[in-house]
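Colleague: One file is attached below, model-v5.pdb, containing PDB, C-alpha atoms.
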ATOM      1  CA  MET O 917      18.187 -11.976   2.850
ATOM      2  CA  LEU O 918      19.694 -11.937  -0.649
ATOM      3  CA  LYS O 919      19.686 -15.723  -0.655
ATOM      4  CA  LEU O 920      16.001 -15.802   0.356
ATOM      5  CA  ILE O 921      15.071 -13.230  -2.300
ATOM      6  CA  ASN O 922      16.887 -15.139  -5.035
ATOM      7  CA  GLU O 923      15.174 -18.362  -3.960
ATOM      8  CA  THR O 924      11.719 -16.773  -4.069
ATOM      9  CA  VAL O 925      12.326 -15.074  -7.438
ATOM     10  CA  ALA O 926      13.571 -18.346  -8.941
ATOM     11  CA  PHE O 927      10.438 -20.161  -7.727
ATOM     12  CA  LEU O 928       8.117 -17.537  -9.206
ATOM     13  CA  LYS O 929       9.969 -17.592 -12.528
ATOM     14  CA  GLN O 930       9.275 -21.308 -12.678
ATOM     15  CA  LYS O 931       5.594 -20.478 -12.126
ATOM     16  CA  GLY O 932       5.528 -18.136 -15.124
ATOM     17  CA  PHE O 933       6.360 -14.756 -13.585
ATOM     18  CA  GLU O 934       8.524 -12.608 -15.851
ATOM     19  CA  LYS O 935      10.154  -9.176 -15.875
ATOM     20  CA  ALA O 936       7.646  -6.513 -14.818
ATOM     21  CA  GLU O 937       7.326  -2.728 -14.865
ATOM     22  CA  ILE O 938       4.706  -1.941 -12.220
ATOM     23  CA  GLY O 939       3.970  -3.262  -8.736
ATOM     24  CA  ILE O 940       0.608  -2.791  -7.005
ATOM     25  CA  VAL O 941      -0.375  -3.423  -3.376
ATOM     26  CA  LEU O 942      -4.126  -3.842  -2.845
ATOM     27  CA  GLY O 943      -5.278  -2.941   0.659
ATOM     28  CA  THR O 944      -8.222  -3.945   2.829
ATOM     29  CA  GLY O 945     -11.364  -4.598   0.815
ATOM     30  CA  LEU O 946      -9.715  -3.462  -2.408
ATOM     31  CA  GLY O 947      -9.855  -6.237  -4.987
ATOM     32  CA  GLN O 948     -12.025  -4.923  -7.802
ATOM     33  CA  LEU O 949      -8.937  -3.870  -9.756
ATOM     34  CA  LEU O 950      -8.305  -7.528 -10.563
ATOM     35  CA  SER O 951     -11.221  -7.466 -13.012
ATOM     36  CA  GLU O 952      -9.197  -4.940 -15.051
ATOM     37  CA  ILE O 953      -6.138  -7.180 -15.287
ATOM     38  CA  GLU O 954      -5.254  -9.762 -17.911
ATOM     39  CA  ILE O 955      -4.017 -12.386 -15.458
ATOM     40  CA  VAL O 956      -1.167 -14.577 -16.668
ATOM     41  CA  GLN O 957      -0.344 -16.376 -13.425
ATOM     42  CA  GLU O 958      -1.271 -16.273  -9.750
ATOM     43  CA  VAL O 959       0.218 -18.044  -6.756
ATOM     44  CA  SER O 960      -1.123 -18.192  -3.199
ATOM     45  CA  TYR O 961       1.218 -16.718  -0.629
ATOM     46  CA  ASN O 962       1.316 -19.959   1.322
ATOM     47  CA  GLN O 963       2.869 -21.690  -1.702
ATOM     48  CA  ILE O 964       5.693 -19.174  -2.170
ATOM     49  CA  PRO O 965       9.010 -19.959  -0.468
ATOM     50  CA  ASN O 966       9.957 -17.487   2.292
ATOM     51  CA  PHE O 967       6.658 -15.564   2.012
ATOM     52  CA  PRO O 968       4.547 -14.747   5.042
ATOM     53  CA  THR O 969       0.913 -15.892   4.937
ATOM     54  CA  ALA O 970      -1.931 -13.387   5.259
ATOM     55  CA  THR O 971      -3.952 -14.100   8.405
ATOM     56  CA  VAL O 972      -6.684 -11.460   8.019
ATOM     57  CA  GLU O 973      -9.861 -13.021   6.645
ATOM     58  CA  PHE O 974     -10.562 -10.278   4.108
ATOM     59  CA  HIS O 975      -7.029 -10.395   2.695
ATOM     60  CA  LYS O 976      -6.989 -13.003  -0.068
ATOM     61  CA  GLY O 977      -3.278 -13.729  -0.073
ATOM     62  CA  LYS O 978      -2.193 -14.079  -3.726
ATOM     63  CA  LEU O 979       0.652 -12.755  -5.817
ATOM     64  CA  ILE O 980      -0.583 -12.112  -9.350
ATOM     65  CA  TYR O 981       1.304 -11.508 -12.596
ATOM     66  CA  GLY O 982      -0.423 -10.013 -15.605
ATOM     67  CA  PHE O 983      -1.059  -7.032 -17.845
ATOM     68  CA  ILE O 984      -2.863  -3.787 -17.075
ATOM     69  CA  GLN O 985      -2.986  -1.030 -19.684
ATOM     70  CA  GLY O 986      -0.476  -3.103 -21.631
ATOM     71  CA  LYS O 987       2.102  -2.972 -18.827
ATOM     72  CA  LYS O 988       3.565  -6.052 -17.168
ATOM     73  CA  THR O 989       2.448  -5.844 -13.554
ATOM     74  CA  ILE O 990       2.813  -7.751 -10.282
ATOM     75  CA  ILE O 991      -0.084  -7.346  -7.847
ATOM     76  CA  MET O 992      -0.263  -8.178  -4.163
ATOM     77  CA  GLN O 993      -3.854  -9.197  -3.466
ATOM     78  CA  GLY O 994      -3.695  -8.692   0.273
ATOM     79  CA  ARG O 995      -0.776  -7.410   2.321
ATOM     80  CA  PHE O 996       0.891  -8.230   5.624
ATOM     81  CA  HIS O 997       0.737  -6.192   8.830
ATOM     82  CA  LEU O 998       2.813  -5.853  11.969
ATOM     83  CA  TYR O 999      -0.319  -6.540  14.023
ATOM     84  CA  GLU O1000      -0.445 -10.072  12.582
ATOM     85  CA  GLY O1001       2.784 -10.816  14.428
ATOM     86  CA  TYR O1002       5.169 -10.306  11.523
ATOM     87  CA  SER O1003       8.381  -8.310  11.586
ATOM     88  CA  SER O1004       8.725  -5.218   9.427
ATOM     89  CA  GLN O1005      11.146  -7.227   7.259
ATOM     90  CA  ASP O1006       8.417  -9.858   6.697
ATOM     91  CA  VAL O1007       5.826  -7.193   5.884
ATOM     92  CA  THR O1008       8.023  -5.646   3.203
ATOM     93  CA  TYR O1009       9.547  -8.812   1.753
ATOM     94  CA  PRO O1010       7.118  -8.859  -1.227
ATOM     95  CA  ILE O1011       8.278  -5.366  -2.251
ATOM     96  CA  ARG O1012      11.817  -6.709  -2.525
ATOM     97  CA  ILE O1013      10.535  -9.600  -4.636
ATOM     98  CA  MET O1014       8.757  -7.195  -7.000
ATOM     99  CA  LYS O1015      12.018  -5.275  -7.359
ATOM    100  CA  GLY O1016      13.678  -8.606  -8.135
ATOM    101  CA  PHE O1017      11.449  -8.769 -11.220
ATOM    102  CA  GLY O1018      12.516  -5.294 -12.282
ATOM    103  CA  ILE O1019       9.581  -3.034 -11.376
ATOM    104  CA  HIS O1020      10.351   0.694 -11.489
ATOM    105  CA  SER O1021       7.112   2.031  -9.986
ATOM    106  CA  LEU O1022       4.974   0.954  -7.029
ATOM    107  CA  LEU O1023       1.313   1.882  -6.516
ATOM    108  CA  ILE O1024      -0.096   1.322  -3.031
ATOM    109  CA  SER O1025      -3.663   1.409  -1.749
ATOM    110  CA  ASN O1026      -4.995   1.185   1.784
ATOM    111  CA  ALA O1027      -8.086   1.725   3.887
ATOM    112  CA  SER O1028      -7.751   4.422   6.516
ATOM    113  CA  GLY O1029      -9.677   6.584   8.945
ATOM    114  CA  ALA O1030     -10.154  10.300   8.251
ATOM    115  CA  ILE O1031      -8.574  12.497  10.936
ATOM    116  CA  ASN O1032      -9.157  15.638   8.884
ATOM    117  CA  LEU O1033     -12.843  16.325   9.445
ATOM    118  CA  ASN O1034     -13.120  17.947   6.019
ATOM    119  CA  PHE O1035     -12.608  14.466   4.578
ATOM    120  CA  LYS O1036     -15.574  12.066   4.475
ATOM    121  CA  LYS O1037     -15.791   8.301   4.344
ATOM    122  CA  SER O1038     -15.911   6.725   0.867
ATOM    123  CA  GLU O1039     -13.653   9.536  -0.438
ATOM    124  CA  LEU O1040     -10.004   9.205  -1.512
ATOM    125  CA  MET O1041      -6.817  10.794  -0.182
ATOM    126  CA  LEU O1042      -3.571  10.994  -2.110
ATOM    127  CA  ILE O1043      -0.736  10.493   0.368
ATOM    128  CA  GLU O1044       1.775  13.334   0.090
ATOM    129  CA  ASP O1045       3.738  12.546   3.237
ATOM    130  CA  HIS O1046       3.578  10.210   6.225
ATOM    131  CA  ILE O1047       4.307   9.854   9.925
ATOM    132  CA  ASN O1048       5.753   6.545  11.112
ATOM    133  CA  LEU O1049       4.244   5.663  14.501
ATOM    134  CA  GLN O1050       4.893   1.924  14.278
ATOM    135  CA  GLY O1051       7.938   2.008  16.503
ATOM    136  CA  GLY O1052      10.506   0.583  14.128
ATOM    137  CA  SER O1053      12.004   0.446  10.651
ATOM    138  CA  PRO O1054      12.098  -2.292   7.988
ATOM    139  CA  LEU O1055      15.704  -1.237   7.326
ATOM    140  CA  ALA O1056      16.941  -1.915  10.858
ATOM    141  CA  PHE O1057      18.738  -5.214  10.286
ATOM    142  CA  LYS O1058      22.305  -6.392   9.767
ATOM    143  CA  GLY O1059      23.356  -6.381   6.125
ATOM    144  CA  VAL O1060      20.703  -3.949   4.887
ATOM    145  CA  ASP O1061      23.439  -1.970   3.113
ATOM    146  CA  ARG O1062      23.900  -4.915   0.730
ATOM    147  CA  LEU O1063      20.390  -4.238  -0.600
ATOM    148  CA  GLY O1064      20.621  -0.430  -0.816
ATOM    149  CA  THR O1065      21.992   2.554   1.052
ATOM    150  CA  ARG O1066      21.421   2.254   4.819
ATOM    151  CA  PHE O1067      20.531   5.904   5.415
ATOM    152  CA  VAL O1068      17.660   6.389   2.980
ATOM    153  CA  ASP O1069      16.592   9.954   2.246
ATOM    154  CA  MET O1070      12.884  10.431   2.990
ATOM    155  CA  SER O1071      12.491  14.117   2.136
ATOM    156  CA  ALA O1072      10.160  13.135  -0.729
ATOM    157  CA  PRO O1073       9.095   9.497  -0.272
ATOM    158  CA  TYR O1074       6.145   9.841  -2.661
ATOM    159  CA  ASP O1075       6.993  10.553  -6.284
ATOM    160  CA  THR O1076       5.950  14.129  -7.071
ATOM    161  CA  THR O1077       5.578  13.478 -10.797
ATOM    162  CA  MET O1078       3.182  10.570 -10.233
ATOM    163  CA  ASN O1079       1.293  12.544  -7.593
ATOM    164  CA  ASP O1080       0.902  15.483  -9.969
ATOM    165  CA  SER O1081      -0.391  13.112 -12.640
ATOM    166  CA  LEU O1082      -2.933  11.617 -10.229
ATOM    167  CA  LYS O1083      -4.176  15.094  -9.289
ATOM    168  CA  ALA O1084      -4.564  16.007 -12.957
ATOM    169  CA  ILE O1085      -6.385  12.754 -13.734
ATOM    170  CA  ALA O1086      -8.719  13.271 -10.774
ATOM    171  CA  LYS O1087      -9.537  16.787 -11.952
ATOM    172  CA  ASP O1088     -10.135  15.602 -15.513
ATOM    173  CA  GLN O1089     -12.372  12.729 -14.332
ATOM    174  CA  ASN O1090     -14.200  14.862 -11.752
ATOM    175  CA  ILE O1091     -13.028  12.621  -8.893
ATOM    176  CA  LYS O1092     -12.647  14.147  -5.436
ATOM    177  CA  LEU O1093      -9.062  13.427  -4.420
ATOM    178  CA  HIS O1094      -7.909  14.948  -1.154
ATOM    179  CA  GLN O1095      -4.208  15.329  -0.426
ATOM    180  CA  GLY O1096      -2.733  14.813   2.992
ATOM    181  CA  VAL O1097      -0.490  13.154   5.553
ATOM    182  CA  TYR O1098      -0.955   9.491   6.481
ATOM    183  CA  ALA O1099      -0.040   8.297   9.989
ATOM    184  CA  SER O1100       0.792   4.620  10.316
ATOM    185  CA  VAL O1101       0.154   2.983  13.711
ATOM    186  CA  TYR O1102       0.799  -0.537  14.919
ATOM    187  CA  GLY O1103      -2.779  -1.761  15.552
ATOM    188  CA  PRO O1104      -4.839  -3.873  15.490
ATOM    189  CA  GLN O1105      -6.895  -1.917  18.018
ATOM    190  CA  LEU O1106      -8.518   1.300  16.845
ATOM    191  CA  GLU O1107      -7.532   4.621  18.388
ATOM    192  CA  THR O1108      -8.936   6.260  21.517
ATOM    193  CA  ARG O1109     -10.413   9.759  21.523
ATOM    194  CA  ALA O1110      -7.182  11.102  23.000
ATOM    195  CA  GLU O1111      -5.113   9.363  20.346
ATOM    196  CA  TYR O1112      -7.221  10.842  17.538
ATOM    197  CA  LYS O1113      -6.696  14.286  19.072
ATOM    198  CA  MET O1114      -2.948  13.654  19.233
ATOM    199  CA  LEU O1115      -2.852  12.523  15.584
ATOM    200  CA  LYS O1116      -4.589  15.708  14.510
ATOM    201  CA  LEU O1117      -2.188  17.832  16.550
ATOM    202  CA  ILE O1118       0.906  16.287  14.945
ATOM    203  CA  GLY O1119      -0.441  16.890  11.443
ATOM    204  CA  ALA O1120      -2.072  13.650  10.347
ATOM    205  CA  ASP O1121      -5.007  13.763   7.926
ATOM    206  CA  ALA O1122      -5.639  10.001   7.957
ATOM    207  CA  VAL O1123      -4.566   7.012  10.025
ATOM    208  CA  GLY O1124      -4.033   3.354   9.188
ATOM    209  CA  MET O1125      -1.943   0.286  10.028
ATOM    210  CA  SER O1126       0.087  -0.291   6.867
ATOM    211  CA  THR O1127       1.843   1.317   3.888
ATOM    212  CA  VAL O1128       4.692   3.186   5.607
ATOM    213  CA  PRO O1129       7.049   0.167   5.888
ATOM    214  CA  GLU O1130       6.373  -0.640   2.215
ATOM    215  CA  VAL O1131       7.127   2.951   1.209
ATOM    216  CA  ILE O1132      10.364   2.998   3.212
ATOM    217  CA  VAL O1133      11.600  -0.175   1.512
ATOM    218  CA  ALA O1134      10.465   1.060  -1.913
ATOM    219  CA  ASN O1135      12.589   4.176  -1.392
ATOM    220  CA  HIS O1136      15.449   1.980  -0.203
ATOM    221  CA  LEU O1137      15.192   0.147  -3.536
ATOM    222  CA  GLY O1138      14.958   3.311  -5.624
ATOM    223  CA  LEU O1139      11.348   2.773  -6.730
ATOM    224  CA  HIS O1140       8.917   5.519  -7.685
ATOM    225  CA  VAL O1141       5.990   5.397  -5.250
ATOM    226  CA  ALA O1142       2.416   6.687  -5.198
ATOM    227  CA  ALA O1143      -0.212   5.775  -2.599
ATOM    228  CA  ILE O1144      -3.931   6.390  -2.223
ATOM    229  CA  SER O1145      -5.975   5.945   0.942
ATOM    230  CA  VAL O1146      -9.603   4.932   0.735
ATOM    231  CA  LEU O1147     -11.248   6.730   3.652
ATOM    232  CA  THR O1148     -13.535   4.214   5.320
ATOM    233  CA  ASP O1149     -14.487   5.963   8.562
ATOM    234  CA  GLU O1150     -14.480   9.404  10.165
ATOM    235  CA  CYS O1151     -12.424   9.812  13.321
ATOM    236  CA  ASP O1152     -14.086  12.696  15.138
ATOM    237  CA  PRO O1153     -13.076  12.385  18.814
ATOM    238  CA  GLU O1154     -15.981  14.582  19.922
ATOM    239  CA  HIS O1155     -18.567  12.349  18.232
ATOM    240  CA  LEU O1156     -16.832   8.992  18.182
ATOM    241  CA  LYS O1157     -18.844   5.881  17.374
ATOM    242  CA  ALA O1158     -17.855   2.239  17.557
ATOM    243  CA  VAL O1159     -16.363   1.141  14.241
ATOM    244  CA  ASP O1160     -18.193  -1.542  12.261
ATOM    245  CA  VAL O1161     -15.757  -3.613  10.163
ATOM    246  CA  GLN O1162     -18.542  -4.429   7.698
ATOM    247  CA  ASP O1163     -19.181  -0.713   7.221
ATOM    248  CA  ILE O1164     -15.470  -0.193   6.570
ATOM    249  CA  MET O1165     -15.618  -2.866   3.860
ATOM    250  CA  LYS O1166     -18.706  -1.233   2.357
ATOM    251  CA  MET O1167     -17.034   2.188   2.209
ATOM    252  CA  ALA O1168     -13.986   0.635   0.535
ATOM    253  CA  GLU O1169     -16.252  -0.979  -2.059
ATOM    254  CA  ILE O1170     -17.954   2.361  -2.783
ATOM    255  CA  ALA O1171     -14.680   4.265  -3.184
ATOM    256  CA  GLU O1172     -12.676   1.676  -5.081
ATOM    257  CA  PRO O1173     -14.031   2.340  -8.611
ATOM    258  CA  ASN O1174     -12.625   5.880  -8.475
ATOM    259  CA  MET O1175      -9.274   4.562  -7.286
ATOM    260  CA  ILE O1176      -9.238   2.111 -10.207
ATOM    261  CA  VAL O1177      -9.857   4.952 -12.677
ATOM    262  CA  LEU O1178      -6.912   6.856 -11.212
ATOM    263  CA  PHE O1179      -4.523   3.894 -11.146
ATOM    264  CA  LYS O1180      -5.392   2.756 -14.683
ATOM    265  CA  ALA O1181      -4.913   6.215 -16.148
ATOM    266  CA  LEU O1182      -1.612   6.656 -14.295
ATOM    267  CA  ILE O1183      -0.285   3.271 -15.382
ATOM    268  CA  LYS O1184      -1.068   4.146 -18.998
ATOM    269  CA  GLN O1185       1.233   7.174 -18.627
ATOM    270  CA  LEU O1186       4.123   5.352 -16.963
TER     271      LEU O1186
END
Could you rewrite the structure in this file as structure tokens?

Modeller:
Amino acid sequence: MLKLINETVAFLKQKGFEKAEIGIVLGTGLGQLLSEIEIVQEVSYNQIPNFPTATVEFHKGKLIYGFIQGKKTIIMQGRFHLYEGYSSQDVTYPIRIMKGFGIHSLLISNASGAINLNFKKSELMLIEDHINLQGGSPLAFKGVDRLGTRFVDMSAPYDTTMNDSLKAIAKDQNIKLHQGVYASVYGPQLETRAEYKMLKLIGADAVGMSTVPEVIVANHLGLHVAAISVLTDECDPEHLKAVDVQDIMKMAEIAEPNMIVLFKALIKQL
């Protein structure tokens, strides 16, 4: 994998990518942040050597280099998922490339369903911990110890200092920011009533199909991580309705401006 990483980094350097401080992963329906970025260069995933290609229609599939709040930043516009047929190593490969450009902090966003019935759609949840229900690990491959310690400590996968800053910013800006546990499932199918009940019983506040592999690899690489879920639907097993993907996109669009305020203010502090 080191050879592949070096090849990809060399290609992107030729395209104008330089040393960066911050990495950002933009989840489903979350692209408004790009209007806040001074874009220097962008490359479609399908042009980058060794990169997967996003297959979900609402994931744009570009790696972007630019400035936000004066900080050199690399942004994933669209991510990869296990449910697209990729391995967990494929899904997390871009995180390793960001590290190759020197980032020290990673900000992640996603769209998720609210298991905690005190949380409502179009609100935000700061991820304080997670449950990996995807049935595997992005670190389970031969030679992983050449990229970082094999047995990564996950007692605090989300940086407490960044999380505290996000809470303080939310309070100052009068933004409702829940805190909770994110459960990551394989997908792409949505959960059954029984599965939502199970998720609540094991302590999940929200459920989605991404993020956890990226966080595991970020910890493997020694990065500081913060993640925010945009809550796009309410998963009440007693009053469950069929999910409308267009409604999910609409809820993400409503919530995203608050997420942008939080990310911009945090980046300014980093």

Colleague: Find the spatial neighbours of Leu918 of chain O, counting only C-alpha atoms, within a cut-off of 8 Å - ignore same-chain residues fewer than 3 positions away - and output them as a compact mmCIF listing (two decimals) with C-alpha atoms, in the frame of the given file.

Modeller:
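Okay, selection.txt is ready:
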# COMPACT_ATOMS: atom_id res chain seq x y z
CA ILE O 921 15.07 -13.23 -2.30
CA ASN O 922 16.89 -15.14 -5.04
CA LEU O 1063 20.39 -4.24 -0.60

Colleague: How big is the axis-aligned box around all listed atoms of segment 1147-1157 of chain O once 6 Å goes on each side, and where's its centre, in Å to one decimal, as JSON?

Modeller:
{"center_x": -15.0, "center_y": 9.4, "center_z": 11.8, "size_x": 19.6, "size_y": 22.4, "size_z": 28.3}

Colleague: Name the residues captured by the PyMOL selection byres ((chain O and resi 1076) around 12) when it is applied to the shown file; answer as a list in words.

Modeller: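 Taken on the displayed file, the PyMOL selection byres ((chain O and resi 1076) around 12) yields the residues Leu1042, Ile1043, Glu1044, Asp1045, Ser1071, Ala1072, Pro1073, Tyr1074, Asp1075, Thr1077, Met1078, Asn1079, Asp1080, Ser1081, Leu1082, Lys1083, His1140, Val1141, Ala1142 and Ala1143 of chain O.
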
Colleague: To one decimal place in Å, what is the distance between atom CA of Leu1117 of chain O and atom CA of Val1097 of chain O?

Modeller: 12.1 Å

Colleague: Run the PyMOL selection byres ((chain O and resi 939) around 6) on the file and write out the hits as an MDAnalysis selection string.

Modeller: chainID O and resid 938 940 989:991 1022

Colleague: Using all atoms listed in the file, what residues lie at most 12 Å away from (18.9, -15.6, 2.3) (file coordinates), given as a list in words?

Modeller: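 The residues near that point, listed by chain and number, are Met917, Leu918, Lys919, Leu920, Ile921, Asn922, Glu923, Thr924, Val925, Pro965, Asn966, Tyr1009, Gly1059, Arg1062 and Leu1063 of chain O.
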
Colleague: With all atoms listed in the file as the atoms that count, which of O:Glu934, O:Ile1164, O:Glu1172, O:Gly1029 lies nearest to Ala1120 of chain O?

Modeller: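 Among the listed residues, the smallest separation from Ala1120 of chain O belongs to O:Gly1029.
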
Colleague: How many Å separate atom CA of Met1165 of chain O from atom CA of Gln948 of chain O?

Modeller: 12.4 Å

Colleague: Would you please work out which residue, of O:Thr969, O:Leu1023, O:Gly1124, O:Glu1154, is nearest to Glu1000 of chain O when using all atoms listed in the file?

Modeller: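 Under the stated criterion, the closest residue is O:Thr969.
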
Colleague: Go ahead and compute the interatomic distance for atom CA of Phe1035 of chain O and atom CA of Asn1135 of chain O, in Å to one decimal.

Modeller: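 Atom-to-atom, atom CA of Phe1035 of chain O and atom CA of Asn1135 of chain O are spaced 27.9 Å apart.
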
Colleague: I'd like to see the residues matched by the PyMOL selection byres ((chain O and resi 1104-1114) around 8) on this file, and ideally I'd get them as a list in words.

Modeller: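 Those residues are Tyr999, Ile1031, Tyr1102, Gly1103, Leu1115, Lys1116, Leu1117, Ile1118, Met1125, Cys1151, Asp1152, Pro1153, Glu1154 and Leu1156 of chain O.
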
Colleague: Extract, using all atoms listed in the file, all DNA, RNA and protein residues at most 12 Å from Gln957 of chain O, discarding same-chain residues fewer than 3 positions from it, and format them as a ChimeraX atom specification.

Modeller: /O:928-934,953-954,960,978-983,988-991

Colleague: Which residue gives the smallest distance to Val1146 of chain O among O:Lys1180, O:Arg1066, O:Lys1166, O:Lys1037, with only C-alpha atoms counted?

Modeller: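 Smallest distance to Val1146 of chain O is found for O:Lys1037.
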
Colleague: Here's a test: counting only C-alpha atoms, identify every protein, DNA and RNA residue with an atom at most 10 Å from (12.7, -5.7, -11.3) in the file's coordinate frame, and state them as a list in words.

Modeller: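 Nearby residues: Glu934, Lys935, Ala936, Glu937, Ile938, Gly939, Arg1012, Ile1013, Met1014, Lys1015, Gly1016, Phe1017, Gly1018, Ile1019, His1020, Ser1021 and Leu1139 of chain O.
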
Colleague: Taking all atoms listed in the file into account, name the residue in O:Val1159, O:Ile984, O:Val941, O:Asp1069 that is nearest to Ile955 of chain O.

Modeller: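 Once distances to Ile955 of chain O are computed over all atoms listed in the file, the minimum belongs to O:Ile984.
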
Colleague: Have a look at O:Gly1096, O:Gly1051, O:Leu949, O:Val1131 and name the one nearest to Met1070 of chain O; count only C-alpha atoms.

Modeller: O:Val1131

Colleague: Could you list, as a ChimeraX atom specification, every residue within 9 Å of Gly1064 of chain O, counting only C-alpha atoms and ignoring same-chain residues fewer than 2 positions away?

Modeller: /O:1060-1062,1066-1068,1136-1138

Colleague: Counting all atoms listed in the file, what is within 12 Å of Val1177 of chain O, bar same-chain residues fewer than 2 positions away, as a PyMOL selection string?

Modeller: chain O and resi 948-949+952+985+1040+1082+1085-1091+1093+1171-1175+1179-1184

Colleague: Using only C-alpha atoms, which residue out of O:Gln963, O:Gln1185, O:Ser1004, O:Ser1038 lies closest to Leu1055 of chain O?

Modeller: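 Among the listed residues, the smallest separation from Leu1055 of chain O belongs to O:Ser1004.
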